[in-house]
>>> print(open('protein_0.cif').read())   # mmCIF, N, CA and C atoms
data_input
loop_
_atom_site.label_atom_id
_atom_site.label_comp_id
_atom_site.auth_asym_id
_atom_site.auth_seq_id
_atom_site.Cartn_x
_atom_site.Cartn_y
_atom_site.Cartn_z
N MET A 1 0.81 -1.19 0.00
CA MET A 1 0.00 0.00 0.00
C MET A 1 0.86 1.26 0.00
N PHE A 2 2.02 1.17 0.60
CA PHE A 2 2.93 2.32 0.65
C PHE A 2 3.28 2.76 -0.78
N ILE A 3 3.64 1.78 -1.63
CA ILE A 3 4.02 2.09 -3.02
C ILE A 3 2.83 2.68 -3.77
N ILE A 4 1.63 2.14 -3.55
CA ILE A 4 0.44 2.67 -4.22
C ILE A 4 0.22 4.12 -3.81
N GLY A 5 0.39 4.42 -2.53
CA GLY A 5 0.24 5.79 -2.06
C GLY A 5 1.22 6.74 -2.73
N VAL A 6 2.48 6.30 -2.86
CA VAL A 6 3.50 7.12 -3.52
C VAL A 6 3.12 7.34 -4.99
N LEU A 7 2.66 6.28 -5.65
CA LEU A 7 2.26 6.41 -7.06
C LEU A 7 1.06 7.35 -7.21
N MET A 8 0.15 7.33 -6.24
CA MET A 8 -1.00 8.25 -6.29
C MET A 8 -0.54 9.70 -6.16
N VAL A 9 0.43 9.95 -5.31
CA VAL A 9 0.96 11.32 -5.16
C VAL A 9 1.62 11.76 -6.46
N VAL A 10 2.40 10.87 -7.08
CA VAL A 10 3.04 11.19 -8.36
C VAL A 10 1.97 11.46 -9.42
N GLY A 11 0.92 10.63 -9.45
CA GLY A 11 -0.18 10.84 -10.40
C GLY A 11 -0.85 12.18 -10.19
N ALA A 12 -1.02 12.58 -8.93
CA ALA A 12 -1.63 13.88 -8.64
C ALA A 12 -0.76 15.02 -9.15
N LEU A 13 0.55 14.88 -9.02
CA LEU A 13 1.46 15.92 -9.55
C LEU A 13 1.35 16.01 -11.07
N VAL A 14 1.23 14.87 -11.73
CA VAL A 14 1.08 14.86 -13.19
C VAL A 14 -0.25 15.53 -13.56
N MET A 15 -1.31 15.26 -12.80
CA MET A 15 -2.60 15.89 -13.09
C MET A 15 -2.54 17.41 -12.92
N VAL A 16 -1.82 17.87 -11.90
CA VAL A 16 -1.67 19.32 -11.70
C VAL A 16 -0.92 19.92 -12.89
N ALA A 17 0.16 19.26 -13.32
CA ALA A 17 0.93 19.76 -14.47
C ALA A 17 0.05 19.79 -15.72
N ALA A 18 -0.76 18.74 -15.92
CA ALA A 18 -1.65 18.72 -17.09
C ALA A 18 -2.70 19.81 -16.98
N GLY A 19 -3.17 20.10 -15.79
CA GLY A 19 -4.15 21.16 -15.59
C GLY A 19 -3.58 22.53 -15.87
N ILE A 20 -2.28 22.70 -15.62
CA ILE A 20 -1.64 24.01 -15.84
C ILE A 20 -1.38 24.22 -17.32
N VAL A 21 -0.87 23.21 -18.01
CA VAL A 21 -0.51 23.39 -19.42
C VAL A 21 -1.62 22.94 -20.37
N GLY A 22 -2.65 22.28 -19.86
CA GLY A 22 -3.72 21.77 -20.71
C GLY A 22 -4.76 22.83 -21.04
N PRO A 23 -5.82 22.39 -21.70
CA PRO A 23 -6.88 23.33 -22.10
C PRO A 23 -7.58 23.95 -20.89
N GLU A 24 -8.04 25.16 -21.08
CA GLU A 24 -8.68 25.92 -20.01
C GLU A 24 -9.90 25.20 -19.44
N ALA A 25 -10.68 24.55 -20.28
CA ALA A 25 -11.91 23.89 -19.85
C ALA A 25 -11.63 22.69 -18.93
N ALA A 26 -10.48 22.04 -19.09
CA ALA A 26 -10.17 20.85 -18.30
C ALA A 26 -9.48 21.19 -16.98
N ARG A 27 -9.05 22.43 -16.83
CA ARG A 27 -8.25 22.82 -15.66
C ARG A 27 -8.95 22.54 -14.32
N PRO A 28 -10.20 22.96 -14.10
CA PRO A 28 -10.81 22.71 -12.79
C PRO A 28 -10.93 21.21 -12.45
N GLY A 29 -11.29 20.40 -13.44
CA GLY A 29 -11.42 18.96 -13.20
C GLY A 29 -10.09 18.31 -12.89
N LEU A 30 -9.06 18.67 -13.63
CA LEU A 30 -7.75 18.07 -13.40
C LEU A 30 -7.17 18.48 -12.05
N ILE A 31 -7.28 19.74 -11.71
CA ILE A 31 -6.73 20.19 -10.43
C ILE A 31 -7.57 19.65 -9.27
N GLY A 32 -8.89 19.63 -9.40
CA GLY A 32 -9.74 19.06 -8.36
C GLY A 32 -9.47 17.57 -8.17
N GLY A 33 -9.32 16.86 -9.28
CA GLY A 33 -9.00 15.43 -9.20
C GLY A 33 -7.63 15.21 -8.57
N ALA A 34 -6.69 16.07 -8.92
CA ALA A 34 -5.34 15.96 -8.36
C ALA A 34 -5.36 16.13 -6.85
N ILE A 35 -6.18 17.05 -6.37
CA ILE A 35 -6.27 17.27 -4.92
C ILE A 35 -6.81 16.00 -4.24
N GLY A 36 -7.86 15.43 -4.79
CA GLY A 36 -8.44 14.22 -4.21
C GLY A 36 -7.49 13.04 -4.25
N VAL A 37 -6.90 12.80 -5.41
CA VAL A 37 -5.96 11.68 -5.55
C VAL A 37 -4.72 11.91 -4.69
N GLY A 38 -4.24 13.14 -4.66
CA GLY A 38 -3.05 13.45 -3.87
C GLY A 38 -3.28 13.26 -2.38
N LEU A 39 -4.42 13.72 -1.87
CA LEU A 39 -4.71 13.54 -0.44
C LEU A 39 -4.86 12.06 -0.10
N ALA A 40 -5.55 11.30 -0.95
CA ALA A 40 -5.69 9.86 -0.71
C ALA A 40 -4.32 9.19 -0.72
N GLY A 41 -3.46 9.59 -1.65
CA GLY A 41 -2.12 9.02 -1.74
C GLY A 41 -1.28 9.33 -0.52
N VAL A 42 -1.36 10.56 -0.05
CA VAL A 42 -0.61 10.94 1.16
C VAL A 42 -1.10 10.14 2.35
N LEU A 43 -2.41 9.96 2.46
CA LEU A 43 -2.97 9.18 3.57
C LEU A 43 -2.51 7.73 3.51
N LEU A 44 -2.57 7.10 2.33
CA LEU A 44 -2.10 5.72 2.20
C LEU A 44 -0.61 5.61 2.51
N THR A 45 0.15 6.55 2.02
CA THR A 45 1.59 6.52 2.26
C THR A 45 1.90 6.64 3.74
N TYR A 46 1.20 7.53 4.43
CA TYR A 46 1.44 7.72 5.86
C TYR A 46 1.02 6.48 6.66
N LEU A 47 -0.17 5.95 6.38
CA LEU A 47 -0.69 4.84 7.16
C LEU A 47 0.12 3.56 7.00
N ASP A 48 0.75 3.38 5.83
CA ASP A 48 1.50 2.14 5.61
C ASP A 48 3.01 2.40 5.55
N ALA A 49 3.45 3.52 6.09
CA ALA A 49 4.88 3.81 6.09
C ALA A 49 5.62 2.75 6.91
N PRO A 50 6.82 2.37 6.50
CA PRO A 50 7.56 1.34 7.24
C PRO A 50 7.74 1.66 8.72
N SER A 51 7.80 2.92 9.09
CA SER A 51 7.99 3.27 10.50
C SER A 51 6.72 3.02 11.32
N ASN A 52 5.56 2.90 10.66
CA ASN A 52 4.30 2.67 11.38
C ASN A 52 3.99 1.20 11.55
N ARG A 53 4.75 0.33 10.96
CA ARG A 53 4.48 -1.10 11.08
C ARG A 53 4.86 -1.59 12.46
N GLU A 54 4.11 -2.58 12.92
CA GLU A 54 4.34 -3.10 14.26
C GLU A 54 5.71 -3.75 14.35
N LYS A 55 6.43 -3.39 15.38
CA LYS A 55 7.75 -3.97 15.60
C LYS A 55 7.63 -5.04 16.68
N PRO A 56 8.44 -6.09 16.58
CA PRO A 56 8.37 -7.12 17.63
C PRO A 56 8.85 -6.56 18.96
N PRO A 57 8.29 -7.07 20.05
CA PRO A 57 8.76 -6.62 21.36
C PRO A 57 10.27 -6.87 21.50
N THR A 58 10.95 -6.01 22.24
CA THR A 58 12.39 -6.10 22.42
C THR A 58 12.79 -7.46 22.96
N GLY A 59 13.81 -8.05 22.35
CA GLY A 59 14.34 -9.33 22.82
C GLY A 59 13.58 -10.54 22.33
N THR A 60 12.60 -10.33 21.44
CA THR A 60 11.84 -11.46 20.93
C THR A 60 12.09 -11.66 19.44
N VAL A 61 11.77 -12.84 18.97
CA VAL A 61 11.86 -13.14 17.54
C VAL A 61 10.52 -13.73 17.10
N LYS A 62 10.28 -13.65 15.80
CA LYS A 62 9.02 -14.13 15.25
C LYS A 62 9.14 -15.60 14.89
N GLY A 63 8.04 -16.31 15.03
CA GLY A 63 7.99 -17.71 14.65
C GLY A 63 6.58 -18.08 14.25
N LYS A 64 6.42 -19.29 13.76
CA LYS A 64 5.11 -19.84 13.41
C LYS A 64 4.78 -20.90 14.44
N ALA A 65 3.55 -20.90 14.90
CA ALA A 65 3.12 -21.90 15.87
C ALA A 65 1.91 -22.65 15.32
N THR A 66 1.86 -23.92 15.62
CA THR A 66 0.72 -24.76 15.25
C THR A 66 0.01 -25.17 16.53
N ILE A 67 -1.31 -25.03 16.55
CA ILE A 67 -2.07 -25.45 17.72
C ILE A 67 -2.10 -26.98 17.74
N ILE A 68 -1.56 -27.55 18.82
CA ILE A 68 -1.56 -29.00 19.00
C ILE A 68 -2.80 -29.41 19.79
N ASP A 69 -3.12 -28.64 20.85
CA ASP A 69 -4.25 -28.96 21.71
C ASP A 69 -4.79 -27.66 22.30
N ALA A 70 -6.07 -27.65 22.59
CA ALA A 70 -6.70 -26.48 23.21
C ALA A 70 -7.69 -26.95 24.26
N ALA A 71 -7.72 -26.24 25.39
CA ALA A 71 -8.66 -26.58 26.46
C ALA A 71 -9.15 -25.30 27.11
N GLY A 72 -10.46 -25.23 27.36
CA GLY A 72 -11.02 -24.09 28.06
C GLY A 72 -10.57 -24.10 29.52
N THR A 73 -10.39 -22.92 30.08
CA THR A 73 -9.98 -22.82 31.48
C THR A 73 -10.95 -21.92 32.22
N GLN A 74 -10.80 -21.85 33.52
CA GLN A 74 -11.63 -20.97 34.34
C GLN A 74 -11.27 -19.52 34.05
N GLY A 75 -12.26 -18.67 34.12
CA GLY A 75 -12.01 -17.24 34.00
C GLY A 75 -12.26 -16.72 32.59
N SER A 76 -12.32 -15.40 32.52
CA SER A 76 -12.53 -14.75 31.23
C SER A 76 -11.87 -13.37 31.26
N VAL A 77 -11.63 -12.84 30.06
CA VAL A 77 -11.08 -11.50 29.90
C VAL A 77 -11.99 -10.78 28.92
N SER A 78 -12.54 -9.66 29.33
CA SER A 78 -13.46 -8.87 28.50
C SER A 78 -14.60 -9.73 27.96
N GLY A 79 -15.05 -10.68 28.76
CA GLY A 79 -16.16 -11.51 28.34
C GLY A 79 -15.78 -12.72 27.50
N TYR A 80 -14.49 -12.86 27.18
CA TYR A 80 -14.04 -14.00 26.38
C TYR A 80 -13.40 -15.04 27.30
N GLN A 81 -13.73 -16.30 27.06
CA GLN A 81 -13.17 -17.38 27.87
C GLN A 81 -11.66 -17.48 27.65
N MET A 82 -10.97 -17.87 28.70
CA MET A 82 -9.54 -18.14 28.60
C MET A 82 -9.36 -19.55 28.04
N VAL A 83 -8.37 -19.71 27.18
CA VAL A 83 -8.09 -20.99 26.54
C VAL A 83 -6.62 -21.30 26.74
N GLU A 84 -6.32 -22.53 27.19
CA GLU A 84 -4.93 -22.95 27.30
C GLU A 84 -4.56 -23.71 26.03
N LEU A 85 -3.57 -23.21 25.33
CA LEU A 85 -3.13 -23.83 24.09
C LEU A 85 -1.80 -24.55 24.29
N THR A 86 -1.68 -25.70 23.67
CA THR A 86 -0.39 -26.35 23.52
C THR A 86 0.05 -26.04 22.10
N LEU A 87 1.17 -25.34 21.98
CA LEU A 87 1.65 -24.89 20.67
C LEU A 87 2.98 -25.55 20.33
N GLU A 88 3.15 -25.86 19.07
CA GLU A 88 4.45 -26.27 18.57
C GLU A 88 4.98 -25.08 17.78
N VAL A 89 6.07 -24.51 18.25
CA VAL A 89 6.62 -23.28 17.69
C VAL A 89 7.80 -23.62 16.79
N TRP A 90 7.76 -23.08 15.57
CA TRP A 90 8.84 -23.25 14.60
C TRP A 90 9.54 -21.90 14.45
N PRO A 91 10.79 -21.79 14.88
CA PRO A 91 11.50 -20.51 14.75
C PRO A 91 11.60 -20.08 13.28
N LYS A 92 11.49 -18.78 13.06
CA LYS A 92 11.62 -18.24 11.71
C LYS A 92 13.05 -18.45 11.22
N GLY A 93 13.19 -18.89 10.00
CA GLY A 93 14.52 -19.12 9.44
C GLY A 93 15.08 -20.48 9.81
N GLY A 94 14.25 -21.35 10.35
CA GLY A 94 14.71 -22.69 10.71
C GLY A 94 15.03 -22.78 12.20
N GLY A 95 15.55 -23.88 12.58
CA GLY A 95 15.83 -24.12 13.99
C GLY A 95 15.00 -25.28 14.50
N VAL A 96 15.26 -25.65 15.72
CA VAL A 96 14.57 -26.79 16.31
C VAL A 96 13.22 -26.34 16.85
N PRO A 97 12.12 -26.97 16.44
CA PRO A 97 10.82 -26.60 16.99
C PRO A 97 10.71 -27.02 18.46
N PHE A 98 9.85 -26.32 19.20
CA PHE A 98 9.64 -26.64 20.60
C PHE A 98 8.16 -26.48 20.93
N GLN A 99 7.73 -27.13 22.01
CA GLN A 99 6.35 -27.04 22.45
C GLN A 99 6.26 -26.18 23.71
N VAL A 100 5.15 -25.47 23.80
CA VAL A 100 4.92 -24.62 24.96
C VAL A 100 3.41 -24.56 25.23
N LYS A 101 3.04 -24.44 26.51
CA LYS A 101 1.64 -24.23 26.90
C LYS A 101 1.49 -22.79 27.36
N ARG A 102 0.40 -22.17 26.93
CA ARG A 102 0.17 -20.76 27.29
C ARG A 102 -1.32 -20.49 27.26
N LYS A 103 -1.80 -19.63 28.16
CA LYS A 103 -3.20 -19.24 28.19
C LYS A 103 -3.39 -17.94 27.41
N PHE A 104 -4.45 -17.91 26.61
CA PHE A 104 -4.82 -16.73 25.83
C PHE A 104 -6.31 -16.49 26.00
N SER A 105 -6.72 -15.25 25.77
CA SER A 105 -8.14 -14.94 25.70
C SER A 105 -8.65 -15.40 24.33
N ALA A 106 -9.76 -16.12 24.33
CA ALA A 106 -10.30 -16.63 23.07
C ALA A 106 -10.64 -15.49 22.10
N GLY A 107 -10.89 -14.30 22.62
CA GLY A 107 -11.18 -13.16 21.76
C GLY A 107 -10.02 -12.74 20.88
N ARG A 108 -8.81 -13.07 21.27
CA ARG A 108 -7.62 -12.71 20.48
C ARG A 108 -7.30 -13.75 19.41
N LEU A 109 -7.95 -14.90 19.49
CA LEU A 109 -7.53 -16.02 18.65
C LEU A 109 -8.38 -16.28 17.42
N GLY A 110 -9.64 -16.01 17.48
CA GLY A 110 -10.53 -16.45 16.41
C GLY A 110 -10.79 -17.94 16.59
N PRO A 111 -10.98 -18.68 15.50
CA PRO A 111 -11.27 -20.10 15.64
C PRO A 111 -10.10 -20.86 16.27
N VAL A 112 -10.40 -21.66 17.28
CA VAL A 112 -9.37 -22.44 17.97
C VAL A 112 -9.57 -23.89 17.58
N GLU A 113 -8.66 -24.40 16.76
CA GLU A 113 -8.76 -25.79 16.34
C GLU A 113 -7.35 -26.35 16.12
N PRO A 114 -7.14 -27.61 16.48
CA PRO A 114 -5.82 -28.22 16.28
C PRO A 114 -5.43 -28.15 14.80
N GLY A 115 -4.16 -27.84 14.57
CA GLY A 115 -3.63 -27.72 13.21
C GLY A 115 -3.58 -26.30 12.70
N ARG A 116 -4.32 -25.38 13.34
CA ARG A 116 -4.30 -23.99 12.89
C ARG A 116 -2.95 -23.36 13.17
N LYS A 117 -2.47 -22.55 12.24
CA LYS A 117 -1.17 -21.89 12.38
C LYS A 117 -1.37 -20.45 12.85
N LEU A 118 -0.47 -20.02 13.73
CA LEU A 118 -0.49 -18.67 14.28
C LEU A 118 0.90 -18.05 14.18
N ASP A 119 0.96 -16.74 13.98
CA ASP A 119 2.22 -16.02 14.06
C ASP A 119 2.43 -15.65 15.52
N VAL A 120 3.64 -15.88 16.03
CA VAL A 120 3.94 -15.61 17.43
C VAL A 120 5.29 -14.91 17.55
N TYR A 121 5.47 -14.26 18.70
CA TYR A 121 6.78 -13.74 19.11
C TYR A 121 7.18 -14.53 20.34
N TYR A 122 8.46 -14.89 20.43
CA TYR A 122 8.93 -15.59 21.62
C TYR A 122 10.33 -15.11 21.97
N ASP A 123 10.68 -15.32 23.22
CA ASP A 123 11.99 -14.93 23.73
C ASP A 123 12.92 -16.14 23.59
N PRO A 124 13.97 -16.06 22.75
CA PRO A 124 14.85 -17.22 22.55
C PRO A 124 15.53 -17.67 23.84
N SER A 125 15.76 -16.76 24.78
CA SER A 125 16.42 -17.15 26.03
C SER A 125 15.43 -17.79 27.01
N ASN A 126 14.13 -17.57 26.80
CA ASN A 126 13.10 -18.18 27.63
C ASN A 126 11.89 -18.47 26.75
N PRO A 127 11.91 -19.60 26.03
CA PRO A 127 10.84 -19.87 25.06
C PRO A 127 9.43 -19.95 25.64
N LYS A 128 9.30 -20.06 26.97
CA LYS A 128 7.97 -20.08 27.56
C LYS A 128 7.31 -18.69 27.50
N LYS A 129 8.13 -17.66 27.30
CA LYS A 129 7.59 -16.31 27.10
C LYS A 129 7.19 -16.18 25.63
N ILE A 130 5.89 -16.28 25.38
CA ILE A 130 5.40 -16.29 24.00
C ILE A 130 4.13 -15.46 23.94
N ASP A 131 3.94 -14.76 22.82
CA ASP A 131 2.73 -13.97 22.63
C ASP A 131 2.35 -14.00 21.16
N LEU A 132 1.10 -13.69 20.88
CA LEU A 132 0.63 -13.65 19.50
C LEU A 132 1.20 -12.45 18.77
N ALA A 133 1.54 -12.64 17.53
CA ALA A 133 2.07 -11.53 16.72
C ALA A 133 0.92 -10.73 16.15
#
>>> encode(input="protein_0.cif", output="structure tokens")
Amino acid sequence: MFIIGVLMVVGALVMVAAGIVGPEAARPGLIGGAIGVGLAGVLLTYLDAPSNREKPPTGTVKGKATIIDAAGTQGSVSGYQMVELTLEVWPKGGGVPFQVKRKFSAGRLGPVEPGRKLDVYYDPSNPKKIDLA
């Protein structure tokens, strides 16, 4: 989306140039369109700028986890039941997979079924510290 936003801004500049050197009758439409396209492009560029993307928590790395087992537990968070998951975590870029048990709010997970894959962050020095990406 970042690239599309940049291209929209460039397109808006071309429309302004065409409005300035083009026929008098087309000028209001071209400049008005350029303003709309340019503002939309700036918004897309800002919202998807690389600096706005979520960064992993300090000291953690990203991995893929597969739900091996799920069980409901006592308690809830914001009205969602707590679920204890047994996950098999595969480190990004290879490495030895490991299993970990962790409780999550079902509201953060969506469908909970064995075999489903999740993106996670984990602490390599303490793999039991794991959270959803």
>>> residues_around(input="protein_0.cif", residues="Val6 of chain A", least_positions_apart="6", cutoff="6.5 Å", atoms="only N, CA and C atoms", output="MDAnalysis selection string")
chainID A and resid 41:42 44:45
>>> select_by_dssp(input="protein_0.cif", residues="chain A", states="strand (DSSP E)", output="number ranges by chain")
A: 61-77, 80-91, 98-105, 117-123, 126-132
>>> closest_residue(input="protein_0.cif", among="A:Val61, A:Ala71, A:Met8, A:Ile3", to="Lys129 of chain A", atoms="only C-alpha atoms")
A:Val61
>>> resolve_selection(input="protein_0.cif", expression="the PyMOL selection byres (((chain A and resi 30 and name CA) around 12) and name CA)", output="MDAnalysis selection string")
chainID A and resid 11:29 31:38
>>> closest_residue(input="protein_0.cif", among="A:Ala40, A:Val100, A:Leu7, A:Leu47", to="Tyr122 of chain A", atoms="only C-alpha atoms")
A:Val100
>>> closest_residue(input="protein_0.cif", among="A:Glu84, A:Asp131, A:Asp48, A:Asp69", to="Pro114 of chain A", atoms="only C-alpha atoms")
A:Asp69
>>> select_by_dssp(input="protein_0.cif", residues="chain A", states="helix (DSSP H, G or I)", output="NGL selection string")
:A and (2-21 or 24-47 or 50-52 or 106-108)
>>> resolve_selection(input="protein_0.cif", expression="the PyMOL selection byres (((chain A and resi 106 and name CA) around 7) and name CA)", output="list of chain:residue names")
A:Tyr80, A:Gln81, A:Met82, A:Val83, A:Phe104, A:Ser105, A:Gly107, A:Arg108, A:Leu109, A:Gly110
>>> residues_around(input="protein_0.cif", residues="Gly93 of chain A", least_positions_apart="2", cutoff="8 Å", atoms="all atoms listed in the file", output="list in words")
Lys62, Gly63, Lys64, Trp90, Pro91, Gly95 and Val96 of chain A
>>> write_last_selection(input="protein_0.cif", atoms="N, CA and C atoms", output="compact mmCIF listing (two decimals), keeping the file's coordinate frame")
# COMPACT_ATOMS: atom_id res chain seq x y z
N LYS A 62 10.28 -13.65 15.80
CA LYS A 62 9.02 -14.13 15.25
C LYS A 62 9.14 -15.60 14.89
N GLY A 63 8.04 -16.31 15.03
CA GLY A 63 7.99 -17.71 14.65
C GLY A 63 6.58 -18.08 14.25
N LYS A 64 6.42 -19.29 13.76
CA LYS A 64 5.11 -19.84 13.41
C LYS A 64 4.78 -20.90 14.44
N TRP A 90 7.76 -23.08 15.57
CA TRP A 90 8.84 -23.25 14.60
C TRP A 90 9.54 -21.90 14.45
N PRO A 91 10.79 -21.79 14.88
CA PRO A 91 11.50 -20.51 14.75
C PRO A 91 11.60 -20.08 13.28
N GLY A 95 15.55 -23.88 12.58
CA GLY A 95 15.83 -24.12 13.99
C GLY A 95 15.00 -25.28 14.50
N VAL A 96 15.26 -25.65 15.72
CA VAL A 96 14.57 -26.79 16.31
C VAL A 96 13.22 -26.34 16.85
>>> resolve_selection(input="protein_0.cif", expression="the PyMOL selection byres ((chain A and resi 88) around 6)", output="PyMOL selection string")
chain A and resi 64-68+86-87+89-90+98-100
>>> axis_aligned_box(input="protein_0.cif", around="segment 67-86 of chain A", padding_each_side="5 Å", output="lines of an AutoDock Vina configuration file")
center_x = -8.1
center_y = -19.1
center_z = 25.4
size_x = 26.2
size_y = 30.5
size_z = 27.8
>>> atom_distance(input="protein_0.cif", atom1="atom C of Arg102 of chain A", atom2="atom C of Arg116 of chain A")
14.5 Å
>>> decode(input="protein_0.cif", residues="segment 121-129 of chain A", atoms="all heavy atoms", output="PDB file, in the first residue's frame")
ATOM      1  N   TYR A 121       5.474 -14.261  18.695  1.00  0.00           N
ATOM      2  CA  TYR A 121       6.777 -13.743  19.109  1.00  0.00           C
ATOM      3  C   TYR A 121       7.181 -14.532  20.344  1.00  0.00           C
ATOM      4  O   TYR A 121       6.350 -14.801  21.212  1.00  0.00           O
ATOM      5  CB  TYR A 121       6.705 -12.263  19.482  1.00  0.00           C
ATOM      6  CG  TYR A 121       6.444 -11.334  18.325  1.00  0.00           C
ATOM      7  CD1 TYR A 121       5.306 -10.533  18.297  1.00  0.00           C
ATOM      8  CD2 TYR A 121       7.339 -11.247  17.274  1.00  0.00           C
ATOM      9  CE1 TYR A 121       5.072  -9.664  17.244  1.00  0.00           C
ATOM     10  CE2 TYR A 121       7.110 -10.388  16.210  1.00  0.00           C
ATOM     11  CZ  TYR A 121       5.980  -9.606  16.206  1.00  0.00           C
ATOM     12  OH  TYR A 121       5.752  -8.763  15.164  1.00  0.00           O
ATOM     13  N   TYR A 122       8.456 -14.892  20.431  1.00  0.00           N
ATOM     14  CA  TYR A 122       8.931 -15.594  21.624  1.00  0.00           C
ATOM     15  C   TYR A 122      10.328 -15.107  21.972  1.00  0.00           C
ATOM     16  O   TYR A 122      11.047 -14.561  21.145  1.00  0.00           O
ATOM     17  CB  TYR A 122       8.910 -17.119  21.424  1.00  0.00           C
ATOM     18  CG  TYR A 122       9.928 -17.608  20.433  1.00  0.00           C
ATOM     19  CD1 TYR A 122      11.174 -18.042  20.854  1.00  0.00           C
ATOM     20  CD2 TYR A 122       9.654 -17.613  19.078  1.00  0.00           C
ATOM     21  CE1 TYR A 122      12.124 -18.470  19.945  1.00  0.00           C
ATOM     22  CE2 TYR A 122      10.595 -18.030  18.160  1.00  0.00           C
ATOM     23  CZ  TYR A 122      11.818 -18.467  18.600  1.00  0.00           C
ATOM     24  OH  TYR A 122      12.769 -18.872  17.696  1.00  0.00           O
ATOM     25  N   ASP A 123      10.679 -15.316  23.222  1.00  0.00           N
ATOM     26  CA  ASP A 123      11.988 -14.930  23.730  1.00  0.00           C
ATOM     27  C   ASP A 123      12.919 -16.137  23.590  1.00  0.00           C
ATOM     28  O   ASP A 123      12.684 -17.162  24.234  1.00  0.00           O
ATOM     29  CB  ASP A 123      11.858 -14.513  25.195  1.00  0.00           C
ATOM     30  CG  ASP A 123      13.161 -14.027  25.800  1.00  0.00           C
ATOM     31  OD1 ASP A 123      14.229 -14.218  25.183  1.00  0.00           O
ATOM     32  OD2 ASP A 123      13.111 -13.456  26.902  1.00  0.00           O
ATOM     33  N   PRO A 124      13.968 -16.061  22.754  1.00  0.00           N
ATOM     34  CA  PRO A 124      14.846 -17.215  22.555  1.00  0.00           C
ATOM     35  C   PRO A 124      15.533 -17.670  23.840  1.00  0.00           C
ATOM     36  O   PRO A 124      15.828 -18.853  23.996  1.00  0.00           O
ATOM     37  CB  PRO A 124      15.885 -16.744  21.542  1.00  0.00           C
ATOM     38  CG  PRO A 124      15.383 -15.474  20.985  1.00  0.00           C
ATOM     39  CD  PRO A 124      14.363 -14.930  21.932  1.00  0.00           C
ATOM     40  N   SER A 125      15.762 -16.757  24.779  1.00  0.00           N
ATOM     41  CA  SER A 125      16.418 -17.148  26.025  1.00  0.00           C
ATOM     42  C   SER A 125      15.432 -17.785  27.012  1.00  0.00           C
ATOM     43  O   SER A 125      15.844 -18.448  27.946  1.00  0.00           O
ATOM     44  CB  SER A 125      17.105 -15.949  26.671  1.00  0.00           C
ATOM     45  OG  SER A 125      16.141 -14.974  27.013  1.00  0.00           O
ATOM     46  N   ASN A 126      14.133 -17.573  26.796  1.00  0.00           N
ATOM     47  CA  ASN A 126      13.097 -18.181  27.633  1.00  0.00           C
ATOM     48  C   ASN A 126      11.887 -18.470  26.750  1.00  0.00           C
ATOM     49  O   ASN A 126      10.938 -17.690  26.709  1.00  0.00           O
ATOM     50  CB  ASN A 126      12.711 -17.262  28.784  1.00  0.00           C
ATOM     51  CG  ASN A 126      11.698 -17.893  29.715  1.00  0.00           C
ATOM     52  OD1 ASN A 126      11.295 -19.040  29.542  1.00  0.00           O
ATOM     53  ND2 ASN A 126      11.279 -17.125  30.704  1.00  0.00           N
ATOM     54  N   PRO A 127      11.907 -19.596  26.032  1.00  0.00           N
ATOM     55  CA  PRO A 127      10.837 -19.872  25.058  1.00  0.00           C
ATOM     56  C   PRO A 127       9.432 -19.947  25.645  1.00  0.00           C
ATOM     57  O   PRO A 127       8.467 -19.888  24.928  1.00  0.00           O
ATOM     58  CB  PRO A 127      11.252 -21.229  24.459  1.00  0.00           C
ATOM     59  CG  PRO A 127      12.703 -21.339  24.702  1.00  0.00           C
ATOM     60  CD  PRO A 127      12.964 -20.608  25.985  1.00  0.00           C
ATOM     61  N   LYS A 128       9.304 -20.062  26.965  1.00  0.00           N
ATOM     62  CA  LYS A 128       7.966 -20.078  27.556  1.00  0.00           C
ATOM     63  C   LYS A 128       7.312 -18.691  27.497  1.00  0.00           C
ATOM     64  O   LYS A 128       6.104 -18.570  27.644  1.00  0.00           O
ATOM     65  CB  LYS A 128       8.026 -20.569  29.000  1.00  0.00           C
ATOM     66  CG  LYS A 128       8.370 -22.059  29.072  1.00  0.00           C
ATOM     67  CD  LYS A 128       8.142 -22.603  30.464  1.00  0.00           C
ATOM     68  CE  LYS A 128       8.623 -24.012  30.586  1.00  0.00           C
ATOM     69  NZ  LYS A 128       7.739 -25.009  30.025  1.00  0.00           N
ATOM     70  N   LYS A 129       8.131 -17.659  27.299  1.00  0.00           N
ATOM     71  CA  LYS A 129       7.585 -16.305  27.102  1.00  0.00           C
ATOM     72  C   LYS A 129       7.189 -16.181  25.634  1.00  0.00           C
ATOM     73  O   LYS A 129       8.045 -16.000  24.766  1.00  0.00           O
ATOM     74  CB  LYS A 129       8.636 -15.245  27.454  1.00  0.00           C
ATOM     75  CG  LYS A 129       8.860 -15.046  28.903  1.00  0.00           C
ATOM     76  CD  LYS A 129       9.778 -13.856  29.128  1.00  0.00           C
ATOM     77  CE  LYS A 129       9.956 -13.539  30.582  1.00  0.00           C
ATOM     78  NZ  LYS A 129      10.824 -12.381  30.777  1.00  0.00           N
TER      79      LYS A 129
END
